[in-house]
file structure_14.cif (mmCIF, C-alpha atoms and all ligand atoms)
data_start
#
loop_
_atom_site.label_atom_id
_atom_site.label_comp_id
_atom_site.auth_asym_id
_atom_site.auth_seq_id
_atom_site.Cartn_x
_atom_site.Cartn_y
_atom_site.Cartn_z
CA MET A 798 92.71 132.53 121.47
CA SER A 799 89.78 130.67 120.01
CA THR A 800 89.79 126.98 119.40
CA PRO A 801 89.33 126.04 115.75
CA ALA A 802 85.98 124.52 114.89
CA GLN A 803 85.97 120.74 115.08
CA VAL A 804 88.00 119.51 112.13
CA GLN A 805 85.96 117.19 109.98
CA ARG A 806 88.07 114.21 108.95
CA PRO A 807 87.31 113.14 105.39
CA LEU A 808 85.45 109.86 104.94
CA VAL A 809 88.38 108.44 103.00
CA ASP A 810 91.65 110.29 103.40
CA LEU A 811 94.09 109.50 100.61
CA TYR A 812 95.86 112.82 100.99
CA SER A 813 99.12 111.37 102.32
CA ASP A 814 100.54 108.74 104.64
CA THR A 815 101.55 111.67 106.86
CA ILE A 816 97.99 112.07 108.17
CA THR A 817 97.92 108.77 110.06
CA LEU A 818 96.85 108.90 113.70
CA PRO A 819 98.41 106.76 116.43
CA THR A 820 96.29 103.69 117.09
CA PRO A 821 94.82 103.18 120.59
CA GLU A 822 97.43 100.44 121.17
CA MET A 823 100.23 102.81 120.15
CA ARG A 824 98.86 105.51 122.44
CA ALA A 825 98.70 103.06 125.35
CA PHE A 826 102.30 102.03 124.69
CA MET A 827 103.35 105.71 124.58
CA ALA A 828 101.59 106.40 127.87
CA GLU A 829 103.59 103.67 129.59
CA ALA A 830 106.97 104.55 128.05
CA PRO A 831 109.91 104.91 130.44
CA LEU A 832 111.38 108.43 130.15
CA GLY A 833 114.52 110.40 130.89
CA ASP A 834 116.58 113.29 129.58
CA GLU A 835 117.29 112.53 125.95
CA GLN A 836 120.11 115.06 125.66
CA LYS A 837 121.98 113.28 128.41
CA GLY A 838 121.38 109.89 126.79
CA GLU A 839 119.11 108.98 129.69
CA ASP A 840 115.81 108.37 127.94
CA PRO A 841 115.37 104.57 127.81
CA SER A 842 112.70 104.77 125.10
CA VAL A 843 114.82 106.92 122.81
CA ASN A 844 117.78 104.63 123.45
CA GLU A 845 115.68 101.60 122.60
CA LEU A 846 114.45 103.21 119.38
CA THR A 847 117.92 104.21 118.20
CA ALA A 848 119.30 100.75 119.01
CA MET A 849 116.46 99.14 117.04
CA ALA A 850 117.05 101.51 114.13
CA ALA A 851 120.80 100.90 114.03
CA GLU A 852 120.14 97.14 114.06
CA LEU A 853 117.43 97.35 111.39
CA LEU A 854 119.67 99.40 109.11
CA GLY A 855 122.91 97.57 109.87
CA LYS A 856 124.66 100.73 111.05
CA GLU A 857 126.83 101.45 114.10
CA ALA A 858 124.53 104.08 115.56
CA ALA A 859 121.40 106.14 115.04
CA VAL A 860 119.88 109.39 116.28
CA PHE A 861 116.20 110.25 116.81
CA LEU A 862 115.14 113.57 115.27
CA PRO A 863 111.87 115.50 115.34
CA SER A 864 111.36 115.25 111.57
CA GLY A 865 112.54 113.56 108.44
CA THR A 866 113.45 116.93 107.01
CA MET A 867 115.90 117.47 109.87
CA CYS A 868 117.36 113.98 109.24
CA ASN A 869 118.09 114.89 105.62
CA GLU A 870 119.38 118.37 106.37
CA ILE A 871 121.69 117.20 109.15
CA ALA A 872 123.03 114.39 106.97
CA LEU A 873 123.80 116.84 104.15
CA ALA A 874 125.46 119.26 106.56
CA VAL A 875 127.66 116.58 108.13
CA HIS A 876 128.77 115.15 104.79
CA SER A 877 129.49 118.29 102.82
CA ARG A 878 131.31 121.64 102.77
CA PRO A 879 129.91 124.95 101.53
CA GLY A 880 130.25 125.19 97.75
CA ASP A 881 129.96 121.45 97.20
CA GLU A 882 127.57 120.04 94.66
CA VAL A 883 125.26 117.14 95.44
CA LEU A 884 123.48 115.01 92.85
CA THR A 885 119.91 113.76 93.17
CA ASP A 886 116.77 113.30 91.09
CA ARG A 887 114.84 116.42 90.09
CA THR A 888 111.76 115.13 91.97
CA ALA A 889 113.68 114.80 95.26
CA HIS A 890 112.27 115.91 98.59
CA ILE A 891 115.51 117.76 99.39
CA ILE A 892 114.99 119.91 96.27
CA ASN A 893 111.25 120.48 96.38
CA TYR A 894 110.04 120.31 99.97
CA GLU A 895 112.81 121.42 102.30
CA VAL A 896 112.58 125.19 101.75
CA GLY A 897 115.99 125.42 100.13
CA GLY A 898 117.57 123.86 103.21
CA PRO A 899 120.62 122.45 101.44
CA ALA A 900 121.52 125.96 100.21
CA ALA A 901 120.44 127.83 103.33
CA LEU A 902 121.87 125.49 105.97
CA SER A 903 124.85 123.86 104.26
CA GLY A 904 125.70 126.20 101.40
CA ILE A 905 125.51 123.38 98.90
CA ASN A 906 124.35 123.31 95.34
CA VAL A 907 121.95 120.47 94.59
CA ARG A 908 122.09 119.42 90.95
CA ALA A 909 118.96 117.77 89.61
CA LEU A 910 119.17 114.69 87.40
CA ASP A 911 116.29 113.94 85.05
CA GLY A 912 115.39 110.40 86.07
CA GLU A 913 112.37 108.33 85.21
CA ARG A 914 109.74 108.31 87.95
CA GLY A 915 112.39 109.51 90.38
CA VAL A 916 115.05 106.99 89.41
CA PHE A 917 118.09 108.07 87.39
CA THR A 918 120.55 105.83 85.58
CA ALA A 919 124.20 105.09 86.34
CA GLU A 920 125.10 106.76 83.01
CA GLN A 921 123.27 109.96 83.94
CA PHE A 922 124.97 109.92 87.30
CA ARG A 923 128.46 109.30 85.94
CA ALA A 924 128.06 112.03 83.33
CA ALA A 925 127.10 114.58 85.99
CA ILE A 926 130.19 114.08 88.17
CA ARG A 927 132.50 117.00 87.47
CA PRO A 928 136.18 116.41 86.83
CA ALA A 929 138.46 118.04 89.37
CA SER A 930 139.02 121.63 88.34
CA ARG A 931 139.96 124.96 89.83
CA TYR A 932 136.65 126.38 88.51
CA ALA A 933 133.97 123.74 89.07
CA PRO A 934 132.25 122.91 92.33
CA VAL A 935 133.28 119.63 93.91
CA THR A 936 130.65 116.95 93.24
CA SER A 937 130.82 115.54 96.73
CA GLY A 938 127.80 113.34 97.23
CA VAL A 939 124.62 111.67 96.04
CA VAL A 940 121.16 111.36 97.57
CA ILE A 941 118.83 108.54 96.60
CA GLU A 942 115.19 108.62 97.68
CA GLN A 943 113.82 105.16 98.47
CA THR A 944 110.95 105.03 97.55
CA SER A 945 110.67 108.04 95.27
CA ASN A 946 107.72 110.03 96.61
CA ALA A 947 107.10 112.41 93.71
CA GLY A 948 108.10 109.65 91.29
CA GLY A 949 105.00 107.77 92.47
CA GLY A 950 106.31 105.49 95.21
CA THR A 951 108.87 103.98 92.83
CA ILE A 952 111.27 101.41 94.27
CA TRP A 953 114.93 101.96 93.41
CA PRO A 954 116.16 98.54 92.24
CA LEU A 955 119.02 97.22 94.38
CA GLU A 956 121.25 96.72 91.31
CA ARG A 957 120.85 100.38 90.35
CA ILE A 958 121.75 101.44 93.88
CA GLU A 959 124.81 99.17 93.79
CA GLU A 960 125.97 100.58 90.46
CA ILE A 961 125.54 104.22 91.43
CA THR A 962 127.03 104.00 94.89
CA ALA A 963 130.00 102.05 93.51
CA ILE A 964 130.66 104.89 91.05
CA ALA A 965 130.26 107.37 93.90
CA ARG A 966 132.81 105.51 96.03
CA ASP A 967 135.25 105.39 93.10
CA HIS A 968 135.03 109.17 92.96
CA GLY A 969 135.46 109.61 96.72
CA MET A 970 131.84 110.74 97.07
CA TRP A 971 129.52 110.10 100.02
CA ALA A 972 126.02 108.61 99.59
CA HIS A 973 122.91 109.35 101.65
CA MET A 974 119.60 107.54 101.43
CA ASP A 975 116.43 109.53 101.98
CA GLY A 976 114.62 106.40 103.09
CA ALA A 977 111.46 108.12 104.26
CA ARG A 978 109.63 105.08 102.82
CA LEU A 979 112.51 102.58 102.80
CA LEU A 980 110.37 100.10 104.73
CA ASN A 981 107.68 100.28 102.04
CA ALA A 982 110.37 99.37 99.50
CA SER A 983 111.63 96.50 101.69
CA VAL A 984 108.21 95.03 102.35
CA ALA A 985 107.32 95.22 98.65
CA SER A 986 110.63 93.86 97.31
CA GLY A 987 111.45 91.40 100.09
CA ILE A 988 114.93 92.96 100.33
CA GLU A 989 116.00 93.71 103.91
CA PRO A 990 116.40 97.38 104.85
CA ARG A 991 120.02 96.74 105.89
CA VAL A 992 120.79 95.33 102.43
CA TYR A 993 119.71 98.58 100.79
CA ALA A 994 121.32 100.61 103.58
CA ALA A 995 124.71 98.88 103.28
CA HIS A 996 125.55 100.97 100.23
CA PHE A 997 125.09 104.31 102.00
CA ASP A 998 127.10 106.34 104.49
CA SER A 999 123.88 107.49 106.10
CA VAL A 1000 120.23 106.48 105.97
CA PHE A 1001 117.07 108.16 107.24
CA VAL A 1002 113.75 106.40 107.86
CA ASP A 1003 110.57 108.33 108.63
CA LEU A 1004 108.43 107.14 111.52
CA SER A 1005 105.49 109.43 110.78
CA LYS A 1006 104.61 108.20 107.29
CA GLY A 1007 103.24 104.71 106.71
CA LEU A 1008 104.58 103.49 110.05
CA GLY A 1009 101.90 105.52 111.77
CA ALA A 1010 103.90 107.25 114.52
CA PRO A 1011 102.85 110.85 115.14
CA VAL A 1012 106.32 112.43 114.95
CA GLY A 1013 109.90 111.84 114.03
CA GLY A 1014 112.59 110.23 111.99
CA ILE A 1015 115.72 108.21 112.61
CA LEU A 1016 119.08 108.84 111.01
CA ALA A 1017 121.71 106.10 111.04
CA GLY A 1018 125.38 105.81 110.13
CA THR A 1019 128.79 105.28 111.67
CA GLN A 1020 129.34 106.28 115.30
CA ASP A 1021 131.49 109.18 114.14
CA PHE A 1022 128.77 110.38 111.74
CA ILE A 1023 126.14 110.18 114.49
CA ASP A 1024 128.40 112.06 116.94
CA GLN A 1025 128.61 114.89 114.41
CA ALA A 1026 124.87 114.68 113.69
CA TRP A 1027 124.23 115.07 117.43
CA ARG A 1028 126.16 118.34 117.49
CA LEU A 1029 123.89 119.73 114.76
CA LYS A 1030 120.78 118.31 116.45
CA GLN A 1031 121.80 120.32 119.49
CA ARG A 1032 122.74 123.45 117.53
CA TRP A 1033 119.58 123.48 115.40
CA GLY A 1034 117.30 122.96 118.36
CA GLY A 1035 116.36 119.38 117.65
CA ALA A 1036 117.69 118.01 120.95
CA MET A 1037 114.78 117.17 123.26
CA ARG A 1038 114.25 116.15 126.87
CA GLN A 1039 111.68 113.44 127.73
CA ALA A 1040 111.43 112.53 124.05
CA GLY A 1041 110.54 108.93 124.89
CA VAL A 1042 106.89 110.00 124.85
CA ILE A 1043 107.14 110.23 121.07
CA ALA A 1044 110.09 107.90 120.45
CA SER A 1045 108.11 105.05 122.02
CA ALA A 1046 105.60 105.41 119.18
CA GLY A 1047 108.51 104.63 116.86
CA VAL A 1048 109.44 101.56 118.91
CA TYR A 1049 105.83 100.39 118.72
CA ALA A 1050 105.68 101.09 114.98
CA LEU A 1051 108.88 99.21 114.19
CA ARG A 1052 107.60 96.23 116.15
CA ASN A 1053 104.03 96.21 114.88
CA HIS A 1054 103.50 98.31 111.78
CA VAL A 1055 106.15 97.17 109.32
CA SER A 1056 104.79 93.98 107.80
CA ARG A 1057 101.31 95.48 107.54
CA LEU A 1058 102.62 97.93 104.92
CA ALA A 1059 101.87 95.08 102.50
CA GLU A 1060 98.16 95.81 103.02
CA ASP A 1061 98.70 99.42 101.94
CA HIS A 1062 100.44 98.21 98.79
CA GLU A 1063 97.61 95.80 98.05
CA ASN A 1064 95.07 98.59 98.53
CA ALA A 1065 97.05 100.86 96.22
CA ARG A 1066 97.20 98.19 93.53
CA ALA A 1067 93.45 97.55 93.83
CA LEU A 1068 92.77 101.28 93.64
CA ALA A 1069 94.98 101.71 90.58
CA ALA A 1070 93.39 98.77 88.80
CA SER A 1071 89.92 100.23 89.35
CA LEU A 1072 90.97 103.73 88.31
CA ALA A 1073 92.44 102.32 85.09
CA ALA A 1074 88.95 101.21 84.10
CA ILE A 1075 87.53 104.75 84.39
CA GLU A 1076 87.30 106.54 81.06
CA GLY A 1077 88.88 109.98 81.22
CA LEU A 1078 91.68 109.17 83.64
CA GLU A 1079 95.24 108.47 82.61
CA ILE A 1080 96.98 106.02 84.88
CA ARG A 1081 99.62 103.31 84.59
CA PRO A 1082 98.75 100.64 87.17
CA GLU A 1083 101.99 98.80 86.37
CA HIS A 1084 103.84 101.81 87.80
CA VAL A 1085 102.37 101.28 91.26
CA ASP A 1086 105.23 99.71 93.25
CA THR A 1087 104.11 100.61 96.76
CA ASN A 1088 101.49 102.84 98.44
CA ILE A 1089 101.43 105.85 96.08
CA VAL A 1090 99.25 106.18 92.99
CA LEU A 1091 99.51 109.06 90.51
CA PHE A 1092 96.92 109.75 87.82
CA ASP A 1093 96.21 112.51 85.33
CA VAL A 1094 92.85 114.22 84.94
CA ALA A 1095 93.62 116.45 81.92
CA ALA A 1096 90.97 114.74 79.78
CA THR A 1097 88.23 115.78 82.20
CA GLY A 1098 88.97 119.46 81.53
CA LEU A 1099 89.49 119.96 85.28
CA THR A 1100 92.68 120.92 87.02
CA ALA A 1101 93.90 118.54 89.69
CA ALA A 1102 92.90 121.16 92.28
CA GLU A 1103 89.34 121.38 90.94
CA PHE A 1104 89.14 117.61 90.73
CA GLY A 1105 90.33 117.20 94.30
CA LYS A 1106 87.95 119.85 95.59
CA ARG A 1107 85.01 117.94 94.08
CA THR A 1108 85.97 114.53 95.43
CA HIS A 1109 86.53 116.08 98.84
CA GLU A 1110 83.54 118.37 99.16
CA ARG A 1111 80.99 116.16 97.45
CA PHE A 1112 82.13 112.69 98.49
CA GLY A 1113 84.43 113.14 101.48
CA VAL A 1114 87.33 111.62 99.56
CA ARG A 1115 90.49 113.67 99.96
CA VAL A 1116 93.29 113.39 97.41
CA SER A 1117 96.33 115.60 96.84
CA VAL A 1118 97.32 117.85 93.98
CA PHE A 1119 100.65 116.85 92.53
CA GLY A 1120 100.84 118.83 89.32
CA PRO A 1121 98.53 121.02 87.22
CA THR A 1122 96.51 117.94 86.22
CA THR A 1123 98.22 115.25 88.30
CA VAL A 1124 96.45 113.83 91.32
CA ARG A 1125 98.20 111.73 93.97
CA VAL A 1126 96.47 109.24 96.23
CA VAL A 1127 98.28 107.46 99.05
CA THR A 1128 97.18 104.41 101.01
CA HIS A 1129 98.18 104.00 104.66
CA ILE A 1130 97.24 102.49 108.01
CA ASP A 1131 94.05 104.57 108.31
CA VAL A 1132 92.69 103.46 104.93
CA THR A 1133 90.86 100.13 104.93
CA ALA A 1134 90.33 97.80 101.99
CA ALA A 1135 86.60 98.52 102.26
CA GLN A 1136 87.25 102.22 101.64
CA ILE A 1137 88.89 101.62 98.26
CA PRO A 1138 85.60 101.09 96.36
CA VAL A 1139 84.20 104.18 98.10
CA ALA A 1140 87.10 106.25 96.78
CA VAL A 1141 86.81 104.71 93.32
CA ARG A 1142 83.07 105.56 93.12
CA ALA A 1143 83.77 109.18 94.09
CA ILE A 1144 86.58 109.55 91.57
CA ALA A 1145 84.48 107.87 88.86
CA ALA A 1146 81.52 110.17 89.58
CA VAL A 1147 83.60 113.36 89.42
CA THR A 1148 85.28 112.15 86.22
CA GLY A 1149 82.00 111.12 84.59
CA GLU A 1150 80.23 114.37 85.42
CA ALA A 1151 83.14 116.45 84.19
CA LEU A 1152 83.26 114.56 80.90
CA ALA A 1153 79.46 114.85 80.45
CA GLY A 1154 79.61 118.56 81.15
CA ARG A 1155 82.17 119.34 78.50
C1 LIG A 1201 108.03 113.16 104.14
C2 LIG A 1201 109.35 113.05 103.50
C3 LIG A 1201 110.49 113.62 104.08
C4 LIG A 1201 110.44 114.51 105.31
O1 LIG A 1201 109.83 113.96 106.38
P1 LIG A 1201 109.11 114.86 107.51
O2 LIG A 1201 109.08 113.93 108.66
O3 LIG A 1201 107.76 115.19 106.96
O4 LIG A 1201 109.95 116.06 107.72
C5 LIG A 1201 111.70 113.43 103.46
N1 LIG A 1201 111.79 112.72 102.32
C6 LIG A 1201 110.72 112.16 101.72
C7 LIG A 1201 110.90 111.37 100.48
C8 LIG A 1201 109.46 112.31 102.28
O5 LIG A 1201 108.40 111.79 101.68
#
call {"tool": "encode", "arguments": {"input": "structure_14.cif", "output": "structure tokens"}}
result
Amino acid sequence: MSTPAQVQRPLVDLYSDTITLPTPEMRAFMAEAPLGDEQKGEDPSVNELTAMAAELLGKEAAVFLPSGTMCNEIALAVHSRPGDEVLTDRTAHIINYEVGGPAALSGINVRALDGERGVFTAEQFRAAIRPASRYAPVTSGVVIEQTSNAGGGTIWPLERIEEITAIARDHGMWAHMDGARLLNASVASGIEPRVYAAHFDSVFVDLSKGLGAPVGGILAGTQDFIDQAWRLKQRWGGAMRQAGVIASAGVYALRNHVSRLAEDHENARALAASLAAIEGLEIRPEHVDTNIVLFDVAATGLTAAEFGKRTHERFGVRVSVFGPTTVRVVTHIDVTAAQIPVAVRAIAAVTGEALAGR
């Protein structure tokens, strides 16, 4: 087997907050982490992480899982029965990025609501709940993504969450929060994670996004829910052994990388404000709630893929393609404030040249 050629990191990598590398301090902390057999409940680092997570989210218990996707899929499987219908926004991660997991693993039908920037209304939600019938699937639960990734990092307002989950409870439905970026929402809104989480039966938080840990997610809920989640973790091959090596990165991140998310939000706002001044780009800076910025390049005559290829290959600025002409840029722990003008110059140059060439 040959080793791949040295991977060249882009100069400014706005591709996603998933690309963050553990800091030297995080690596040192991981190297020192006390370890044991996670499956037997004997890994002190995993136990510390799950205790911290349960406390942070105001839940009885939590489980450490190798990915956020597994957190969502296990939550859905525990809450539902085959044939059930689950409501969420059409942009949701569980619909678009989990390889049909809800259907394949739980036999559930996910019904997409047409929200605005990833956030649907209480009226839309209420209207989608099916009356009990011998013919219709049972609308058994709701998933809310805080923040909405494909919506552009949108924060779900607490009042909207309260309204929707109250309706869900009235209908005997469960509620799960895909809180991959819940801590971004909390830092930006000043509302504690446990205050958002209180309205849900289960909550997942990703450690490998803006928090900067290399791997993993935490799923929290009642002790009974977590006991059932553990059985699926074991069955689906997510139970580990000396998992404290990676869980300790989560402990470090929860201690040291939460409040700094505010810097990412500031960088995203600065970036959006500068992009708004570039002729040929369509962007709504007032829609930037957290660390994700979406803009449209249709007026340049380029597709988002062509646009991204040019910023990357010519200027070392990597962005991601989010639609035929929609580009997404994400700020995170490995993007400094000084890199923002570098990214803006690259994006402005590609836009300007494309417009001139038309
Ligand atoms: C990234 C992400 C996930 C899945 O997390 P992984 O750790 O990459 O599996 C789930 N939901 C949302 C909203 C995400 O952005």
call {"tool": "residues_around", "arguments": {"input": "structure_14.cif", "residues": "region 1000-1013 of chain A", "least_positions_apart": "4", "cutoff": "8 Å", "atoms": "all atoms listed in the file", "output": "number ranges by chain"}}
result
A: 814-820, 854, 861-865, 868-869, 973-981, 994, 1017-1018, 1043-1044, 1046-1047, 1050-1051, 1054-1055, 1058, 1129-1130
call {"tool": "closest_residue", "arguments": {"input": "structure_14.cif", "among": "A:Gln1136, A:Asn946, A:Thr1122, A:Thr1128", "to": "ligand LIG 1201 (chain A)", "atoms": "all atoms listed in the file"}}
result
A:Asn946
call {"tool": "closest_residue", "arguments": {"input": "structure_14.cif", "among": "A:Leu1016, A:Met1037, A:Leu902, A:Ala972", "to": "ligand LIG 1201 (chain A)", "atoms": "only C-alpha atoms and all ligand atoms"}}
result
A:Leu1016
call {"tool": "residues_around", "arguments": {"input": "structure_14.cif", "residues": "region 1019-1036 of chain A", "least_positions_apart": "3", "cutoff": "10 Å", "atoms": "all atoms listed in the file", "output": "compact mmCIF listing (two decimals) with C-alpha atoms, keeping the file's coordinate frame"}}
result
# COMPACT_ATOMS: atom_id res chain seq x y z
CA ASP A 834 116.58 113.29 129.58
CA GLU A 835 117.29 112.53 125.95
CA GLN A 836 120.11 115.06 125.66
CA LYS A 837 121.98 113.28 128.41
CA ALA A 851 120.80 100.90 114.03
CA GLY A 855 122.91 97.57 109.87
CA LYS A 856 124.66 100.73 111.05
CA GLU A 857 126.83 101.45 114.10
CA ALA A 858 124.53 104.08 115.56
CA ALA A 859 121.40 106.14 115.04
CA VAL A 860 119.88 109.39 116.28
CA PHE A 861 116.20 110.25 116.81
CA LEU A 862 115.14 113.57 115.27
CA PRO A 863 111.87 115.50 115.34
CA SER A 864 111.36 115.25 111.57
CA MET A 867 115.90 117.47 109.87
CA CYS A 868 117.36 113.98 109.24
CA GLU A 870 119.38 118.37 106.37
CA ILE A 871 121.69 117.20 109.15
CA ALA A 872 123.03 114.39 106.97
CA LEU A 873 123.80 116.84 104.15
CA ALA A 874 125.46 119.26 106.56
CA VAL A 875 127.66 116.58 108.13
CA HIS A 876 128.77 115.15 104.79
CA LEU A 902 121.87 125.49 105.97
CA ASP A 998 127.10 106.34 104.49
CA SER A 999 123.88 107.49 106.10
CA LEU A 1016 119.08 108.84 111.01
CA ALA A 1040 111.43 112.53 124.05
call {"tool": "closest_residue", "arguments": {"input": "structure_14.cif", "among": "A:Ser930, A:Gln943, A:Ser1045, A:Asn906", "to": "ligand LIG 1201 (chain A)", "atoms": "all atoms listed in the file"}}
result
A:Gln943
